[in-house]
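Colleague: This is the structure I have questions about; it appears just below.
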Amino acid sequence: MGHLTGLKPLVLVTFQSPVNFYRWKIEQLQIQMEAAPFRSKEPCMAEEVCSMSWYTPMPIKKGSVVMRVDISSNGLGTFIPDKRFQMNINGFLKRDRDNNIQFTVGEELFNLMPQYFVGVSSRPLWHTVDQSPVLILGGIPNEKYVLMTDTSFKDFSLVELSIDSCWVGSFYCPHSGFTATIYDTIATESTLFIRQNQLVYYFTGTYTTLYERNRGSGSWIRVLASECIKKLCPVYFHSNGSEYIMALTTGKHEGYVHFGTIRDGQVSFEMLPRQWSVCEQIGVTTCSIIWSEYIAGEYTLLLLVESGYGNASKRFQVVSYNTASDDLELLYHIPEFIPEARGLEFLMILGTESYTSTAMAPKGIFCNPYNNLIFIWGNFLLQSSNKENFIYLADFPKELSIKYMARSFRGAVAIVTETEEIWYLLEGSYRVYQLFPSKGWQVHISLKLMQQSSLYASNETMLTLFYEDSKLYQLVYLMNNQKGQLVKRLVPVEQLLMYQQHTSHYDLERKGGYLMLSFIDFCPFSVMRLRSLPSPQRYTRQERYRARPPRVLERSGFHNENSLAIYQGLVYYLLWLHSVYDKPYADPVHDPTWRWWANNKQDQDYYFFLASNWRSAGGVSIEMDSYEKIYNLESAYELPERIFLDKGTEYSFAIFLSAQGHSFRTQSELGTAFQLHSQVDVGVVLADPGCIEASVKQEVLINRNSVLFSITLKDKKLCYDQGISGHHLMETSMTVNVVGSSGLCFQETHLGPHMQGNLMVPVFIGCPPGKRLAFDITYTLEYSRLKNKHYFDCVNVNPEMPCFLFRDIFYPFFLIQDLVTGDSGSFQGSYVLLVVGGGPTLDSLKDYSEDEIYRFNSPLDKTNSLIWTTRTTRTTKDSAFHIMSHESPGIEWLCLENAPCYDNVPQGIFAPEFFFKVLVSNRGVDTSTYCNYQLTFLLHIHGLPLSPKRALFIIMVSASVFVGLVIFYIAFCLLWPLVVKGCTMIRWKINNLIASESYYTYASISGISSMPSLRHSRMGSMFSSRMTEDRAEPKEAVERQLMT
C-alpha cells in the first residue's frame, strides 16, 4: 500500500490569468497541495483498510476559468507516473428542475452515429490560446451538431445546437444551396461563435467568476444579420484586455472585414476599413478577402486579397491595415506561379528566378507573434520574417494543397492537406517533413496494432489536429468490429521522425560470420544539457503557495470528513490572504501569510506540545509552516516556459554539447598561435534584434570532446516606454539552434524520445507581473521621529493608519515589493506625489478634479491653493509638479487659504484633522524601470492650524466668555449678602401672612371654646409663629417676646 510506504501524491494547480486585466490582476499563480489519505467507508473485513483514496481540495480563483492540474509523486513508495489534465469551468451548463445537468446551447445527444464522422473531412480547432475553458468543433455533415469539451477532448459531448437555421438568401448573398452543417466554430474565454451558411451566431456562457453580474445568454444571438458572411477567422491571442474575431463578407460589402471585440462577454463588431474598401484603396475594380490575420501587438490586420485587373487573370496580394490609424499598405505581390527550386530546400523570391507552370493558389496567412515569422500557404509555403522578403520552402510538394495549419507557437507547425496528409515544420528551418502517410507512420501503427492499443485501428478518420502544451494531438474516430469510438491521442512526432530516419539511412556491416545492422546518426552532437540556469521565478513570474493537510491524531494516519473540511477551509483562506494582499501600507514582513500567524508564532512550541501528546482540539493539528509562499523554486534543467525582462535585465544560461566523433580542428591566424575550433556551432535567433541582444561565448573542453556555450540575453532599453505591471507587454522571442540539428537529434527519456537542438522561448519586454509600489510606513515613522526629534500620534490611535503632525516635516518612503521572489527594497527612483482627494473624515472623502489637482499641488499655482510644498527644485518638463525621490528634503504642509484643508472646524476640543488621498507615480520621471508604478493611499494628518479669522473669532469669543464669567463672579460676590438679607425679609413677611391667615381661620371654627383656653391657644400660636418666622433672632429677643 502506497500510504504505508510513505507515498504522498503532490497536486499542483495552475490558475490561468484572465483576459480582462483592467478588471483582474495579472498574475501567474500556483498552489501545491499534498494529498490526504482517506479510508473507504464501505464494509471491510480487514482490520485497518481495504480500499482508500487520496483527496485534495480543488480551489477556484476569482477571474480564472482555466486551471491546469499536475499530479506527481514525492518519490517514496509505489511509483506513479506524472499526469496532467485540465479542470475548467463550463459556463454552458445548467441544472433543470430535477437537478439534472443540461447544456444551455442545445440538447445533448448520446448516440454517436458512424455517419457523423466516418469519411468526414477534418477541420481546424480554433480558440483563444490558453484562455478558452470550453472548446467547440463543428463540421458534421448536414447536421447542426457540434462536439463540446471542457477537458480538451479527454471527454466530450455531442450537442445539437438550438438555432433557428433560417435561410436568408438574397441577390447580394448568393448561395448554391442550404445545409445545416456548422462550418466555422471559434471558442473564446466566455463566448462561442459559429457560422452556418452565411449566418453568424454567438452564445455567452454564465461565468460568475469573471463578471460582476450574470451576462450569460439565454439563447444563441445572431449578429451581422444584414451581412453575407463567407468565413470566420480566429485571433489566437488576446490583447488590451479583449479577445477578437474576424468575419469575412461577400456580396454588397465585399472588400471589408467585420472586426469583432469580446470583453466580459459583450460582443461588438466594426466594419473595417472605416472609409474606403480594400479594393478601392489598392486600385482594383473587384477583389475578395480570402483570409485575415490580426497582429495584436501592432494593431495590424494582414489581409490576403484576391483581385482582378480587368480581363487579366486573378492575382493575389498581402495587404496591411492598421486599425489605429486607418492606414492601408500593399505589402507583397504573390507570384503568379510556383518557382522552380531545382533541387534546393528553399529559394529566396527575388523576381529573377524561373517558375513552373503550376499557378499559386494561396488560401491563408499565418503569423507567429513571438518570432514574427509569416507564412503564406496554399499549394505552397512562403516564409518571411520581415513581411517583405519571402522564402519558398521547396520540400512541400506543389501537387498538394494545404487545408489548415495547427500551430504550437513554440516553434513547431503541423500542416494538414486537402487529402488529410500531415506534414511537420520547425519554424526558422527550411525542411518540411511528411508524418502521415510515411514509412515512419507505417512502422508506428504496426507496432501499436501488435500491442492491441485501444487508440489505433485499421479504419480511422481524423476529425482535427491541434497542439496542447506544445504537443501534437489528434481527435480520431475509430471503427473496430462495427463499433465506433472517438479518442484523443498523441501524435508521436519524434518517434515518427526517428523511424523515418532509421528506415531510410542504415548500413549492414559484416563482422565475422554475421551481418550487423547500424544506423547513421546525422545529429552533430551526442549529448545536450542545459547548465547554469538561474532561479526561474524571477523570470517566469510564477507565484506558488504550498499547503499540506492538517495532521490527524490517528495512528493509521487516515483523514476523516472533518479533517478534509478543515483542509479545504485552510486552502481557501490561504488564497484569500493572497487576494487581499494589495494594501497600500506595507506590512513589516513582506509575505501574505505573515498576518495569519503573526500573533501565534510565539505559541508554536506549545501547539506542537499539544499535538505530540495527542491533545490538539478537534483531533487535528495545524502546523504553521505548512501554509507558506515559496520563493526559492529550483530550475528543472530546461529553459522556462516564458521570460519577462524589465529594463536592462539579463538572462544567462549555458549549453553543454558533446560532439559526435572528432569535431575539433586547429586554425592559425596571422601573428597568433594555433587556436582550437569546434565544428559544433550554436546560433541564437532574435525576433527583434533592435530590442534585445544576445551574446554567445564558446569554451572548448578538448579532454571531454565537448563545447560549452554561455548565452546571455539582455534588454537594450529601446523598445518600451512604461506600463502597469503585466500590462501591454511587448512579445518577442529567442530561438537557440544547434546548427544541423533540426529534426535530426533526439534524446531518449522514460517518457519517450524528446527532440533536441531547437529551443524557443517567448520573451516579454515591459513591466513584469507581480511588482508593486507600497508605502513604507515603518521606515517613514522611524525617519520622521529621527528628523523631527519627536512623534505625536492621533488621540484615537489606528495601528493600520498612523497619524502625522501638521507642523512636522513629512518624509515619505516607498518600497518596491516583488510578490514573486519575496524581495522588498527601498524605491530608489524618481516619482511625482500629488494630493488627488481628501476630506476631514473618512466618510466625507472626495476626489478632486484635474484643475483642482493642479491648483493644490503645482508650484506654479497663483490662486493661493497649495496644500504642500517642498524644497526640491527638480520639476517635470512643464514645471507643473515637483519630482521627488528617496533623497528629497521632505514635505511641508501648507493648506493655504483656498485649499480644501484650510480652516477646518474642529470636531471637539482637539485640533482639526484631515485625510489626504495621495497619488504617487513614476510615470515619465523615472528611467530606471519599465514599470509605471502607481500607488494611491490615505494619509492622516492631525494638528491642522485654524485660519486667522477663525482663530481671532475663537479668541474673542473665548475672551468675552472669560471676562463675562469674571464680572459675573465679582458681582455675585458683592451682591450675595444683600440678596441673602432680602430673601430673609421676604420669607419672614410671607410667614407672617401665612400665620395670620391660619389664626383667623382657626378662631372662626372653634368659637364655643372657653376664653382661658382661647387665650392659652393664642399665646401658643403666637409663640409658634414667631419661632417659625425668625429662627435666626437671638435667644434674648425671643424671651422678651414671651414676657410681653
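The chains in the C-alpha cells are called A, B, ... from first to last as shown; in each chain the residues are counted from 1, and the ligands are counted from 1 in the order shown.
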Show me, as a tab-separated table (two decimals) with C-alpha atoms, in the first residue's frame, the residues that have an atom within 10 Å of Val620 in chain A when counting only C-alpha atoms, minus same-chain residues fewer than 5 positions from it.

Modeller:
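Result written to result08.tsv:
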chain	number	residue	atom	x	y	z
A	549	PRO	CA	-3.12	18.68	5.08
A	550	PRO	CA	-3.54	19.07	8.83
A	551	ARG	CA	-2.08	16.35	10.96
A	552	VAL	CA	-4.71	13.90	12.16
A	553	LEU	CA	-4.36	12.43	15.62
A	554	GLU	CA	-4.98	8.87	14.49
A	559	HIS	CA	-8.29	11.53	7.46
A	562	ASN	CA	-13.94	16.84	9.38
A	563	SER	CA	-10.21	16.98	8.75
A	566	ILE	CA	-10.62	21.83	7.69
A	611	ALA	CA	-0.07	17.69	19.07
A	614	TRP	CA	-2.50	13.90	21.19
A	615	ARG	CA	-4.26	16.76	22.92

Colleague: Identify all residues of range 395-590 of chain A in strand (DSSP E or B) (DSSP on the backbone) and supply them as number ranges by chain.

Modeller: A: 402-407, 412-417, 422-426, 432-436, 459-468, 471-480, 483-490, 506-511, 514-519, 525-531, 542-547, 551-552, 559, 585

Colleague: Hey, which of A:Ile194, A:Val761, A:Val739, A:Leu773 ends up closest to Ser725 in chain A? Count only C-alpha atoms.

Modeller: A:Leu773

Colleague: Near Glu897 in chain A, within 10 Å and counting only C-alpha atoms, which residues show up once chain neighbours fewer than 3 positions away are dropped, as a ChimeraX atom specification?

Modeller: /A:863-867,894,900-903,947

Colleague: Just list the residues in range 116-324 of chain A DSSP gives alpha helix (DSSP H) on the backbone, as a list of chain:residue names.

Modeller: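 These are the residues in question: A:Val278, A:Cys279, A:Glu280, A:Gln281.
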
Colleague: Kindly save the residues from that selection, with N, CA and C atoms included, as a compact mmCIF listing (two decimals), in the first residue's frame.

Modeller:
# COMPACT_ATOMS: atom_id res chain seq x y z
N VAL A 278 -11.02 47.88 -49.28
CA VAL A 278 -9.68 47.43 -49.66
C VAL A 278 -9.52 47.47 -51.17
N CYS A 279 -10.57 47.09 -51.88
CA CYS A 279 -10.48 47.10 -53.35
C CYS A 279 -10.21 48.51 -53.87
N GLU A 280 -10.89 49.48 -53.33
CA GLU A 280 -10.70 50.86 -53.80
C GLU A 280 -9.32 51.39 -53.44
N GLN A 281 -8.82 51.00 -52.30
CA GLN A 281 -7.53 51.56 -51.87
C GLN A 281 -6.35 50.92 -52.57

Colleague: Find the residues around Thr503 in chain A up to 10 Å (only C-alpha atoms counted), leave out those fewer than 3 positions away in its own chain, and share them as a list in words.

Modeller: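 Listed by chain and then number, they are Lys439, Gly440, Val443, Leu497, Met498, Tyr499, Gln500, Tyr506 and Phe519 of chain A.
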
Colleague: Name all residues at most 10 Å from Gly218 in chain A (count only C-alpha atoms; drop same-chain ones fewer than 5 positions away) and give them as an MDAnalysis selection string.

Modeller: chainID A and resid 104:105 203:206

Colleague: Can you work out which one of A:Cys233, A:Pro81, A:Ala565, A:Glu353 has the shortest atom-to-atom distance to Met58 in chain A, counting only C-alpha atoms?

Modeller: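 Answer, going by the shortest atom-to-atom distance: A:Ala565.
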
Colleague: Write out as a list in words the residues lying within 9 Å of Ile89 in chain A, counting only C-alpha atoms and excluding same-chain residues fewer than 5 positions away.

Modeller: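 The neighbour list is Ser64, Val65, Val66, Met67, Pro133, Val134, Asp150 and Tyr207 of chain A.
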
Colleague: Can those selected residues be exported to a file as a short mmCIF file (atom, residue, chain, number, x, y, z; two decimals), in the first residue's frame so that it contains N, CA and C atoms?

Modeller:
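Generated output (out28.cif):
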data_model
loop_
_atom_site.label_atom_id
_atom_site.label_comp_id
_atom_site.auth_asym_id
_atom_site.auth_seq_id
_atom_site.Cartn_x
_atom_site.Cartn_y
_atom_site.Cartn_z
N SER A 64 -10.46 33.42 -12.87
CA SER A 64 -9.81 32.35 -13.62
C SER A 64 -10.82 31.25 -13.91
N VAL A 65 -10.95 30.88 -15.19
CA VAL A 65 -11.85 29.81 -15.58
C VAL A 65 -11.10 28.64 -16.20
N VAL A 66 -9.79 28.78 -16.37
CA VAL A 66 -8.95 27.72 -16.92
C VAL A 66 -7.92 27.34 -15.86
N MET A 67 -7.90 26.08 -15.46
CA MET A 67 -6.97 25.60 -14.45
C MET A 67 -6.31 24.32 -14.93
N PRO A 133 -11.97 27.89 -21.80
CA PRO A 133 -12.27 26.71 -20.96
C PRO A 133 -13.07 25.65 -21.69
N VAL A 134 -13.83 26.06 -22.69
CA VAL A 134 -14.67 25.15 -23.45
C VAL A 134 -14.28 25.24 -24.91
N ASP A 150 -14.78 20.50 -22.10
CA ASP A 150 -14.11 21.40 -21.17
C ASP A 150 -12.85 20.75 -20.59
N TYR A 207 -20.59 32.90 -16.39
CA TYR A 207 -19.34 32.82 -15.62
C TYR A 207 -19.39 33.88 -14.52
#

Colleague: Give me the residues near Lys25 in chain A as number ranges by chain, where near means some atom within 10 Å (using only C-alpha atoms) and where sequence neighbours in that chain fewer than 5 positions away do not count.

Modeller: A: 17-20, 63, 579, 725-727, 769-770

Colleague: Now that the selection is made, can you save its residues with N, CA and C atoms as a PDB file, in the first residue's frame?

Modeller:
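Printed below is selection30.pdb as written:
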ATOM      1  N   SER A  17      -4.338  33.322 -15.934  1.00  0.00           N
ATOM      2  CA  SER A  17      -4.746  34.706 -15.760  1.00  0.00           C
ATOM      3  C   SER A  17      -5.897  35.046 -16.698  1.00  0.00           C
ATOM      4  N   PRO A  18      -6.823  35.887 -16.284  1.00  0.00           N
ATOM      5  CA  PRO A  18      -7.962  36.241 -17.143  1.00  0.00           C
ATOM      6  C   PRO A  18      -7.548  37.183 -18.261  1.00  0.00           C
ATOM      7  N   VAL A  19      -8.448  37.361 -19.202  1.00  0.00           N
ATOM      8  CA  VAL A  19      -8.188  38.225 -20.352  1.00  0.00           C
ATOM      9  C   VAL A  19      -8.241  39.695 -19.958  1.00  0.00           C
ATOM     10  N   ASN A  20      -9.292  40.080 -19.264  1.00  0.00           N
ATOM     11  CA  ASN A  20      -9.522  41.489 -18.950  1.00  0.00           C
ATOM     12  C   ASN A  20      -8.669  41.905 -17.759  1.00  0.00           C
ATOM     13  N   GLY A  63     -11.820  35.219 -11.298  1.00  0.00           N
ATOM     14  CA  GLY A  63     -11.198  35.713 -12.513  1.00  0.00           C
ATOM     15  C   GLY A  63     -10.561  34.647 -13.371  1.00  0.00           C
ATOM     16  N   SER A 579      -5.279  37.115  -2.175  1.00  0.00           N
ATOM     17  CA  SER A 579      -6.088  38.056  -2.948  1.00  0.00           C
ATOM     18  C   SER A 579      -6.187  39.423  -2.287  1.00  0.00           C
ATOM     19  N   SER A 725       2.178  46.989 -14.256  1.00  0.00           N
ATOM     20  CA  SER A 725       2.714  45.643 -14.076  1.00  0.00           C
ATOM     21  C   SER A 725       1.872  44.610 -14.815  1.00  0.00           C
ATOM     22  N   GLY A 726       2.510  43.953 -15.804  1.00  0.00           N
ATOM     23  CA  GLY A 726       1.845  42.913 -16.562  1.00  0.00           C
ATOM     24  C   GLY A 726       1.005  43.381 -17.720  1.00  0.00           C
ATOM     25  N   HIS A 727       0.900  44.693 -17.952  1.00  0.00           N
ATOM     26  CA  HIS A 727       0.028  45.224 -18.993  1.00  0.00           C
ATOM     27  C   HIS A 727       0.831  45.599 -20.238  1.00  0.00           C
ATOM     28  N   PRO A 769       4.804  41.042 -14.347  1.00  0.00           N
ATOM     29  CA  PRO A 769       3.724  40.895 -13.361  1.00  0.00           C
ATOM     30  C   PRO A 769       4.299  40.650 -11.964  1.00  0.00           C
ATOM     31  N   GLY A 770       3.539  41.058 -10.967  1.00  0.00           N
ATOM     32  CA  GLY A 770       3.923  40.770  -9.591  1.00  0.00           C
ATOM     33  C   GLY A 770       4.795  41.814  -8.939  1.00  0.00           C
TER      34      GLY A 770
END

Colleague: Identify which of the residues A:Lys448, A:Lys154, A:Lys714, A:Lys877 lies closest to Ile765 in chain A, counting only C-alpha atoms when measuring atom-to-atom distances.

Modeller: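 Smallest separation from Ile765 in chain A among the options: A:Lys714.
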
Colleague: Hey, which of A:Leu478, A:Val413, A:Ile777, A:Ile338 ends up closest to Asp587 in chain A? Count only C-alpha atoms.

Modeller: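 Going through A:Leu478, A:Val413, A:Ile777, A:Ile338 one by one, the smallest distance to Asp587 in chain A is for A:Ile777.
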
Colleague: So which one's closest to Ile724 in chain A, A:Asn788, A:Ser72, A:Gln934, A:Ser621? Using only C-alpha atoms, please.

Modeller: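 Among the listed residues, A:Gln934 lies closest to Ile724 in chain A.
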